[in-house]
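Okay, work-v9.txt now, which holds compact mmCIF, C-alpha atoms:
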```
# COMPACT_ATOMS: atom_id res chain seq x y z
CA MET H 1 57.96 -4.83 11.57
CA SER H 2 54.35 -5.84 11.85
CA ASP H 3 52.76 -7.94 9.10
CA VAL H 4 49.43 -6.18 9.61
CA GLU H 5 48.39 -4.36 6.45
CA VAL H 6 47.84 -0.66 6.93
CA LEU H 7 44.61 0.33 5.22
CA LYS H 8 44.43 3.62 3.44
CA PRO H 9 41.74 5.90 4.83
CA LEU H 10 38.66 6.17 2.65
CA LYS H 11 37.86 9.52 1.12
CA THR H 12 34.13 8.95 1.50
CA TRP H 13 31.65 6.41 2.89
CA SER H 14 32.43 2.86 1.82
CA HIS H 15 29.10 2.29 0.08
CA LEU H 16 29.76 5.35 -2.12
CA ALA H 17 33.48 4.81 -2.72
CA ALA H 18 33.09 2.54 -5.75
CA ARG H 19 31.81 5.42 -7.87
CA ARG H 20 35.28 7.05 -7.72
CA ARG H 21 33.98 10.60 -7.51
CA LYS H 22 32.96 12.99 -4.82
CA PRO H 23 29.41 12.06 -3.74
CA SER H 24 26.68 14.64 -4.03
CA GLU H 25 24.79 16.01 -1.05
CA TYR H 26 21.83 13.89 -2.18
CA GLU H 27 23.90 10.69 -2.08
CA ILE H 28 25.45 11.48 1.29
CA VAL H 29 22.17 12.03 3.11
CA SER H 30 19.88 9.66 1.16
CA VAL H 31 21.61 6.45 0.09
CA ASN H 32 21.73 3.19 2.03
CA LEU H 33 20.42 4.57 5.30
CA GLN H 34 18.16 1.70 6.32
CA TYR H 35 19.42 -0.69 8.96
CA ASN H 36 16.62 -3.24 8.65
CA ASP H 37 17.13 -4.42 5.06
CA ARG H 38 19.81 -7.06 5.54
CA PRO H 39 19.42 -9.57 2.66
CA GLY H 40 17.92 -12.89 3.70
CA SER H 41 17.49 -11.90 7.32
CA ALA H 42 14.57 -13.47 9.19
CA ALA H 43 14.70 -10.58 11.65
CA PRO H 44 14.89 -7.20 9.89
CA TYR H 45 14.65 -5.59 13.31
CA GLU H 46 16.98 -6.85 16.06
CA LEU H 47 14.24 -8.69 17.88
CA ASP H 48 12.92 -12.23 17.98
CA PRO H 49 12.16 -13.33 14.39
CA ASN H 50 8.66 -14.28 15.55
CA VAL H 51 7.82 -10.77 16.71
CA PHE H 52 4.87 -9.57 14.63
CA MET H 53 6.78 -6.62 13.15
CA ASN H 54 9.59 -8.87 11.89
CA ARG H 55 7.15 -11.33 10.37
CA TRP H 56 5.31 -8.42 8.69
CA TYR H 57 8.47 -7.07 7.03
CA VAL H 58 9.66 -10.51 5.99
CA GLN H 59 6.31 -11.24 4.34
CA HIS H 60 5.33 -7.90 2.85
CA ARG H 61 8.72 -6.41 1.99
CA ASN H 62 11.37 -9.13 1.76
CA GLY H 63 8.86 -11.64 0.39
CA SER H 64 7.46 -9.39 -2.32
CA PRO H 65 7.29 -10.99 -5.78
CA LEU H 66 8.99 -7.86 -7.15
CA LYS H 67 12.71 -8.58 -6.78
CA HIS H 68 15.93 -6.67 -7.37
CA LYS H 69 19.48 -7.42 -6.32
CA ASP H 70 20.07 -3.87 -5.11
CA TRP H 71 17.11 -1.61 -4.42
CA ASN H 72 19.58 0.86 -2.93
CA SER H 73 20.73 1.67 -6.46
CA PHE H 74 17.49 3.58 -7.00
CA ARG H 75 17.91 7.33 -7.32
CA ASP H 76 15.27 10.04 -7.23
CA PRO H 77 15.52 11.77 -10.64
CA ASP H 78 14.97 15.11 -8.87
CA GLU H 79 17.52 14.27 -6.13
CA LEU H 80 15.38 15.91 -3.47
CA ILE H 81 16.48 15.92 0.13
CA TYR H 82 14.56 17.32 3.08
CA ARG H 83 16.37 20.65 2.90
CA THR H 84 15.71 21.26 -0.78
CA TYR H 85 12.18 19.86 -0.56
CA CYS H 86 11.32 22.37 2.18
CA LEU H 87 12.84 25.24 0.21
CA MET H 88 10.94 24.29 -2.93
CA GLN H 89 7.59 23.70 -1.26
CA ASP H 90 7.87 26.78 0.91
CA GLY H 91 7.89 28.71 -2.35
CA GLN H 92 4.92 26.70 -3.61
CA GLU H 93 2.93 27.39 -0.46
CA THR H 94 3.79 31.07 -0.61
CA TYR H 95 2.35 31.10 -4.13
CA VAL H 96 -0.80 29.18 -3.13
CA TYR H 97 -1.59 31.32 -0.12
CA SER H 98 -0.93 34.48 -2.07
CA LEU H 99 -3.61 33.23 -4.47
CA PHE H 100 -6.00 32.83 -1.57
CA ASP H 101 -5.19 36.31 -0.26
CA GLN H 102 -5.46 38.03 -3.64
CA PHE H 103 -8.74 36.45 -4.66
CA ASN H 104 -10.20 36.91 -1.20
CA ALA H 105 -9.37 40.64 -1.40
CA ARG H 106 -11.16 40.77 -4.75
CA GLU H 107 -14.24 39.05 -3.27
CA HIS H 108 -13.81 36.23 -5.77
CA ASP H 109 -16.21 33.82 -4.07
CA GLN H 110 -19.07 36.33 -4.09
CA ALA H 111 -18.95 36.21 -7.90
CA LEU H 112 -19.41 32.42 -8.05
CA THR H 113 -22.85 31.11 -8.95
CA PRO H 114 -24.83 29.18 -6.32
CA GLN H 115 -24.92 26.24 -8.74
CA TRP H 116 -21.12 26.07 -8.95
CA ALA H 117 -20.84 26.51 -5.19
CA GLY H 118 -23.12 23.49 -4.81
CA THR H 119 -20.85 21.52 -7.14
CA LEU H 120 -17.84 22.43 -5.00
CA ALA H 121 -19.69 21.40 -1.85
CA ARG H 122 -20.48 18.01 -3.34
CA LEU H 123 -17.46 17.23 -5.53
CA TYR H 124 -14.53 19.26 -4.20
CA THR H 125 -14.50 19.84 -0.46
CA PRO H 126 -15.21 16.16 0.41
CA GLY H 127 -11.95 15.48 -1.45
CA ARG H 128 -9.97 16.03 1.73
CA TYR H 129 -11.06 12.52 2.77
CA LEU H 130 -9.78 11.14 -0.52
CA LEU H 131 -6.45 12.93 -0.29
CA HIS H 132 -6.00 11.78 3.29
CA THR H 133 -6.14 8.19 2.05
CA VAL H 134 -3.44 9.08 -0.50
CA GLN H 135 -1.36 10.52 2.33
CA MET H 136 -1.81 7.38 4.45
CA ALA H 137 -1.00 5.02 1.57
CA SER H 138 2.12 7.06 0.71
CA ALA H 139 3.22 6.93 4.35
CA TYR H 140 2.79 3.14 4.40
CA LEU H 141 4.83 2.86 1.21
CA ALA H 142 7.56 4.95 2.84
CA GLN H 143 7.51 2.70 5.90
CA MET H 144 7.80 -0.51 3.89
CA ALA H 145 10.13 0.60 1.07
CA PRO H 146 13.23 -1.62 0.64
CA ALA H 147 15.63 1.34 0.23
CA SER H 148 16.00 4.73 1.84
CA THR H 149 15.99 6.50 -1.53
CA ILE H 150 12.54 5.03 -2.28
CA GLU H 151 11.40 5.81 1.26
CA ASN H 152 12.33 9.47 0.82
CA CYS H 153 10.30 9.84 -2.38
CA ALA H 154 7.24 8.27 -0.79
CA SER H 155 7.64 10.48 2.30
CA PHE H 156 7.74 13.65 0.22
CA GLN H 157 4.69 12.38 -1.65
CA ALA H 158 2.84 11.94 1.65
CA MET H 159 3.78 15.50 2.63
CA ASP H 160 2.47 16.80 -0.70
CA SER H 161 -0.82 14.95 -0.18
CA PHE H 162 -1.17 16.60 3.22
CA ARG H 163 -0.55 20.00 1.61
CA TRP H 164 -3.24 19.31 -0.98
CA LEU H 165 -5.86 18.35 1.60
CA SER H 166 -4.89 21.41 3.65
CA HIS H 167 -5.69 23.55 0.61
CA ILE H 168 -9.13 21.95 0.44
CA ALA H 169 -9.70 22.57 4.15
CA TYR H 170 -8.75 26.24 3.69
CA ARG H 171 -11.07 26.65 0.73
CA THR H 172 -13.86 24.90 2.65
CA LYS H 173 -13.73 27.55 5.36
CA GLU H 174 -13.56 30.37 2.83
CA LEU H 175 -16.54 29.07 0.86
CA GLU H 176 -18.52 28.52 4.05
CA GLY H 177 -18.31 32.25 4.72
CA THR H 178 -19.94 33.10 1.39
CA PHE H 179 -22.34 30.17 0.93
CA ALA H 180 -23.59 29.33 4.40
CA ASP H 181 -26.50 27.31 2.97
CA LYS H 182 -24.39 24.83 0.95
CA GLY H 183 -23.19 22.69 3.85
CA PHE H 184 -19.50 23.58 3.60
CA GLY H 185 -17.68 22.20 6.63
CA LYS H 186 -20.71 20.11 7.63
CA ASP H 187 -21.78 17.71 4.87
CA GLU H 188 -18.43 16.46 3.50
CA ARG H 189 -18.41 13.19 5.41
CA GLN H 190 -21.92 12.36 4.30
CA TYR H 191 -20.97 13.02 0.67
CA TRP H 192 -17.81 10.90 1.03
CA GLU H 193 -19.61 7.95 2.59
CA GLN H 194 -22.91 8.02 0.68
CA ASP H 195 -22.80 10.03 -2.54
CA PRO H 196 -22.48 7.72 -5.58
CA ALA H 197 -19.94 10.10 -7.14
CA TRP H 198 -17.38 9.28 -4.44
CA GLN H 199 -17.93 5.57 -3.91
CA GLY H 200 -15.59 4.46 -6.70
CA PHE H 201 -12.67 6.44 -5.32
CA ARG H 202 -13.57 5.38 -1.80
CA GLU H 203 -13.49 1.69 -2.73
CA LEU H 204 -10.29 2.13 -4.73
CA MET H 205 -8.41 3.80 -1.88
CA GLU H 206 -9.77 1.62 0.91
CA LYS H 207 -8.49 -1.41 -1.00
CA THR H 208 -5.18 0.32 -1.76
CA LEU H 209 -4.72 0.87 1.97
CA VAL H 210 -4.80 -2.90 2.53
CA ALA H 211 -2.43 -3.73 -0.33
CA TYR H 212 0.22 -4.71 2.20
CA ASP H 213 2.93 -5.95 -0.16
CA TRP H 214 5.15 -2.88 -0.58
CA ALA H 215 5.50 -3.26 -4.33
CA GLU H 216 1.81 -3.88 -4.97
CA CYS H 217 1.07 -0.82 -2.82
CA PHE H 218 3.44 1.17 -5.05
CA VAL H 219 1.81 -0.06 -8.26
CA ALA H 220 -1.75 0.38 -6.98
CA LEU H 221 -1.05 3.85 -5.59
CA ASN H 222 1.47 5.47 -7.93
CA LEU H 223 0.69 3.80 -11.22
CA VAL H 224 -3.09 3.48 -10.95
CA ALA H 225 -4.93 5.27 -8.12
CA LYS H 226 -3.03 8.58 -7.95
CA PRO H 227 -3.13 9.15 -11.73
CA ALA H 228 -6.88 8.45 -11.65
CA ILE H 229 -7.37 11.01 -8.87
CA GLU H 230 -5.15 13.57 -10.54
CA GLU H 231 -6.78 13.26 -13.96
CA GLY H 232 -10.32 12.36 -12.92
CA MET H 233 -10.66 14.89 -10.11
CA LEU H 234 -7.94 17.56 -9.83
CA ARG H 235 -7.35 18.34 -13.50
CA LEU H 236 -11.04 17.97 -14.30
CA LEU H 237 -12.14 20.37 -11.55
CA GLY H 238 -9.44 22.82 -12.62
CA ASN H 239 -10.72 22.82 -16.19
CA ILE H 240 -14.39 23.06 -15.26
CA GLY H 241 -13.63 25.68 -12.63
CA ARG H 242 -12.07 27.90 -15.27
CA ARG H 243 -15.24 27.68 -17.35
CA ASN H 244 -17.30 28.61 -14.29
CA GLY H 245 -15.25 31.67 -13.44
CA ASP H 246 -13.49 29.94 -10.52
CA LEU H 247 -9.86 30.87 -11.17
CA VAL H 248 -8.90 29.85 -7.64
CA MET H 249 -9.92 26.26 -8.38
CA SER H 250 -8.13 26.32 -11.72
CA LEU H 251 -4.84 27.79 -10.49
CA LEU H 252 -4.84 25.65 -7.35
CA ALA H 253 -5.24 22.47 -9.39
CA ASP H 254 -2.42 23.56 -11.70
CA ALA H 255 -0.13 24.12 -8.71
CA GLU H 256 -0.91 20.72 -7.22
CA LEU H 257 -0.39 18.94 -10.54
CA ILE H 258 3.21 20.20 -10.53
CA ASP H 259 3.76 17.92 -7.53
CA ALA H 260 1.90 15.09 -9.29
CA THR H 261 4.25 15.33 -12.27
CA ARG H 262 7.24 14.99 -9.94
CA HIS H 263 5.63 11.95 -8.28
CA ARG H 264 5.25 10.33 -11.69
CA ARG H 265 8.92 10.96 -12.49
CA TRP H 266 10.17 9.01 -9.49
CA ALA H 267 7.58 6.28 -10.03
CA ALA H 268 8.74 5.87 -13.63
CA SER H 269 12.37 5.67 -12.49
CA LEU H 270 11.52 2.95 -9.98
CA VAL H 271 9.69 0.95 -12.63
CA LYS H 272 12.70 1.28 -14.93
CA LEU H 273 14.98 -0.05 -12.19
CA ALA H 274 12.62 -2.93 -11.39
CA MET H 275 12.53 -3.98 -15.03
CA GLU H 276 16.25 -4.77 -14.89
CA THR H 277 15.19 -8.02 -13.19
CA GLU H 278 13.63 -10.66 -15.39
CA GLY H 279 9.99 -11.35 -14.56
CA ASN H 280 9.31 -8.05 -12.84
CA ALA H 281 7.55 -6.56 -15.85
CA ASP H 282 5.02 -9.40 -15.75
CA VAL H 283 4.45 -8.85 -12.03
CA ILE H 284 3.82 -5.13 -12.54
CA ARG H 285 1.56 -5.73 -15.53
CA GLY H 286 -0.46 -8.20 -13.49
CA TRP H 287 -1.01 -5.71 -10.70
CA ILE H 288 -1.93 -2.96 -13.16
CA ALA H 289 -4.52 -5.27 -14.72
CA LYS H 290 -5.89 -6.00 -11.25
CA TRP H 291 -6.22 -2.36 -10.14
CA THR H 292 -7.10 -0.50 -13.33
CA PRO H 293 -10.78 -1.59 -13.48
CA LEU H 294 -11.31 -0.15 -10.00
CA ALA H 295 -9.68 3.14 -11.01
CA ASP H 296 -11.64 3.39 -14.25
CA ALA H 297 -14.89 2.70 -12.39
CA ALA H 298 -13.98 5.44 -9.91
CA ILE H 299 -13.41 7.92 -12.73
CA ASP H 300 -16.72 6.93 -14.34
CA ALA H 301 -18.66 7.38 -11.09
CA TYR H 302 -17.11 10.75 -10.28
CA THR H 303 -17.32 12.29 -13.74
CA SER H 304 -20.94 11.15 -14.18
CA ALA H 305 -21.85 13.82 -11.62
CA LEU H 306 -20.44 16.51 -13.95
CA ALA H 307 -22.89 16.49 -16.82
CA GLU H 308 -21.32 19.58 -18.41
CA SER H 309 -18.24 17.51 -19.37
CA PRO H 310 -19.60 14.39 -21.10
CA ALA H 311 -16.18 13.38 -22.44
CA ALA H 312 -14.42 13.82 -19.08
CA ALA H 313 -14.32 10.13 -18.19
CA GLU H 314 -12.71 9.01 -21.43
CA THR H 315 -10.27 11.92 -21.38
CA ALA H 316 -9.16 11.11 -17.83
CA LYS H 317 -8.88 7.37 -18.45
CA GLN H 318 -6.88 7.95 -21.62
CA ALA H 319 -4.50 10.24 -19.72
CA THR H 320 -3.86 7.57 -17.08
CA ALA H 321 -3.36 4.92 -19.77
CA THR H 322 -0.91 7.20 -21.60
CA PHE H 323 1.14 7.61 -18.43
CA ARG H 324 1.34 3.85 -17.90
CA ALA H 325 2.19 3.29 -21.56
CA SER H 326 5.17 5.65 -21.11
CA LEU H 327 6.65 3.24 -18.57
CA GLY H 328 7.70 0.79 -21.26
CA LEU H 329 5.85 -2.18 -19.81
```

In structure tokens, how does this file's structure come out?
Amino acid sequence: MSDVEVLKPLKTWSHLAARRRKPSEYEIVSVNLQYNDRPGSAAPYELDPNVFMNRWYVQHRNGSPLKHKDWNSFRDPDELIYRTYCLMQDGQETYVYSLFDQFNAREHDQALTPQWAGTLARLYTPGRYLLHTVQMASAYLAQMAPASTIENCASFQAMDSFRWLSHIAYRTKELEGTFADKGFGKDERQYWEQDPAWQGFRELMEKTLVAYDWAECFVALNLVAKPAIEEGMLRLLGNIGRRNGDLVMSLLADAELIDATRHRRWAASLVKLAMETEGNADVIRGWIAKWTPLADAAIDAYTSALAESPAAAETAKQATATFRASLGL
């Protein structure tokens, strides 16, 4: 007889076995998938520790002041996986493009006033530059996240940002066909780089893109910058568009804010997990204090170009503050 103990076969993956229940599809395909997050390792990737990539991850991910004993315990409250995300957003895109088709058939844009078309040319279609920075920052967050479940949420967020800017690009081409004299498709870069209305958001997002610590990037992007963009641009344009007879703008903003609400859910869940570790609340509060003045200034600059909504800035800033207050910090 051999003295070697015969191990019973596991009924599921070892990292999920402790829960003593059948794992969900979300857990099977989302949890603990990273191979470069070994605790205390000086070489997250199996290369020389002095390789630039290893030093980058050690400094900006492993060395982050935001600590937790097990980031892999984070769960997306919506439990999205790539399959269900694609199903859900395929339906969303079908809805959005049916809006475009319906309103185009009704000659919606021909009914818009030249003044409102000029507002869209200045304050809406250049927004594809802004949303591209959100996409890039979300992709960086996904790349640097300390757990695959966080990485997935940030990746879906980047995909949503790309969808949003694609909507702007589509509307740019449509509006160009009706208002050839407004500079649609031609003047957006000049507005983005030079118009005072955009310079606050431009500064905010350019600085967010060089917030290299993964956790500071998360706070700057998801707790400060994105809410400012969503409240100070998307929701505002949707509301003003409705008053100017632009139902496409209004309904499109509403559809995109559905995604934004989901992004805030996972961000709130990550903050809740982080606060299990003593000291993390102070770290997050410090970053919020650092980034909020930039976001508020961006809202002020953008909304100042919309004289018909004098209370827009305070409304947007209060909405962002209310979201952060809900985090329990």

Write out as a ChimeraX atom specification the residues lying within 10 Å of range 144-160 of chain H, counting all atoms listed in the file and excluding same-chain residues fewer than 6 positions away. /H:26-27,29-38,56-57,60-62,68,70-82,85-86,89,131-138,166,212-215,217-218,222,256,259-260,262-263,266-267,270

Using all atoms listed in the file: which of H:Arg242, H:Lys22, H:Arg202, H:Lys186 has the shortest distance to Asp254 in chain H: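 Residue with the minimum atom-to-atom distance to Asp254 in chain H: H:Arg242.
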
Residue with smallest distance to Gly279 in chain H - pool H:Ala105, H:Ala121, H:Val219, H:Leu329, counting all atoms listed in the file: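 Using all atoms listed in the file, Gly279 in chain H sits closest to H:Leu329.
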
Could you give me, as a Markdown table, a per-residue list for range 181-209 of chain H showing, wherever an atom lies at most 7 Å from an atom of range 295-317 of chain H, the closest pair of atoms and their distance in Å to one decimal, using all atoms listed in the file and sorting by chain then residue number from low to high?
```
| residue | atom | partner | partner_atom | distance |
| --- | --- | --- | --- | --- |
| H:Pro196 | CA | H:Ala301 | CA | 6.7 |
| H:Ala197 | CA | H:Tyr302 | CA | 4.3 |
| H:Trp198 | CA | H:Tyr302 | CA | 6.0 |
| H:Gly200 | CA | H:Ala298 | CA | 3.7 |
| H:Phe201 | CA | H:Ala298 | CA | 4.9 |
| H:Leu204 | CA | H:Ala295 | CA | 6.4 |
```

Counting only C-alpha atoms, which residue out of H:Val210, H:Met249, H:Val96, H:Ile28 sits closest to Ala117 in chain H?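 Looking at the shortest contact to Ala117 in chain H, the residue is H:Met249.
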
Could the residues of range 46-139 of chain H that have an atom at most 12 Å from range 281-293 of chain H be listed as CSV, each with its closest atom pair and the distance in Å to one decimal, counting only C-alpha atoms and ordered by chain and ascending residue number?
```
residue,atom,partner,partner_atom,distance
H:Ser64,CA,H:Val283,CA,10.2
H:Pro65,CA,H:Val283,CA,7.2
H:Leu66,CA,H:Val283,CA,6.7
H:Lys67,CA,H:Val283,CA,9.8
H:His68,CA,H:Ala281,CA,11.9
```

Name the closest residue to Arg324 in chain H among the candidates H:Ala253, H:Leu209, H:Val224, H:Ala111; distances are taken between atoms, counting only C-alpha atoms.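 Nearest to Arg324 in chain H: H:Val224.
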
Just to confirm, what's the straight-line distance from CA of Leu141 in chain H to CA of Trp192 in chain H in Å (one decimal)?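 Going from CA of Leu141 in chain H over to CA of Trp192 in chain H, I get 24.0 Å.
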
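From CA of Leu223 in chain H back to CA of Met53 in chain H, the distance works out to 27.2 Å.
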
With distances taken over only C-alpha atoms, which of H:Thr125, H:Glu216, H:Arg55, H:Glu206 is nearest to Asn280 in chain H? H:Glu216

So which one's closest to Pro44 in chain H, H:Leu87, H:Leu236, H:Phe184, H:Gln59? Using all atoms listed in the file, please.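 That would be H:Gln59, the residue with the smallest distance to Pro44 in chain H.
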
Report the distance between CA of Asp187 in chain H and CA of Leu123 in chain H in Å, rounded to one decimal place.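 Distance between the two atoms: 11.3 Å.
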
Residue neighbourhood Phe100 in chain H, 9 Å, only C-alpha atoms, exclusion window fewer than 5 positions, as an mmCIF file with C-alpha atoms, in the coordinates of the input:
```cif
data_model
loop_
_atom_site.group_PDB
_atom_site.id
_atom_site.type_symbol
_atom_site.label_atom_id
_atom_site.label_comp_id
_atom_site.auth_asym_id
_atom_site.auth_seq_id
_atom_site.Cartn_x
_atom_site.Cartn_y
_atom_site.Cartn_z
ATOM 1 C CA TYR H 95 2.350 31.100 -4.130
ATOM 2 C CA ALA H 105 -9.370 40.640 -1.400
ATOM 3 C CA TYR H 170 -8.750 26.240 3.690
ATOM 4 C CA ARG H 171 -11.070 26.650 0.730
ATOM 5 C CA VAL H 248 -8.900 29.850 -7.640
#
```
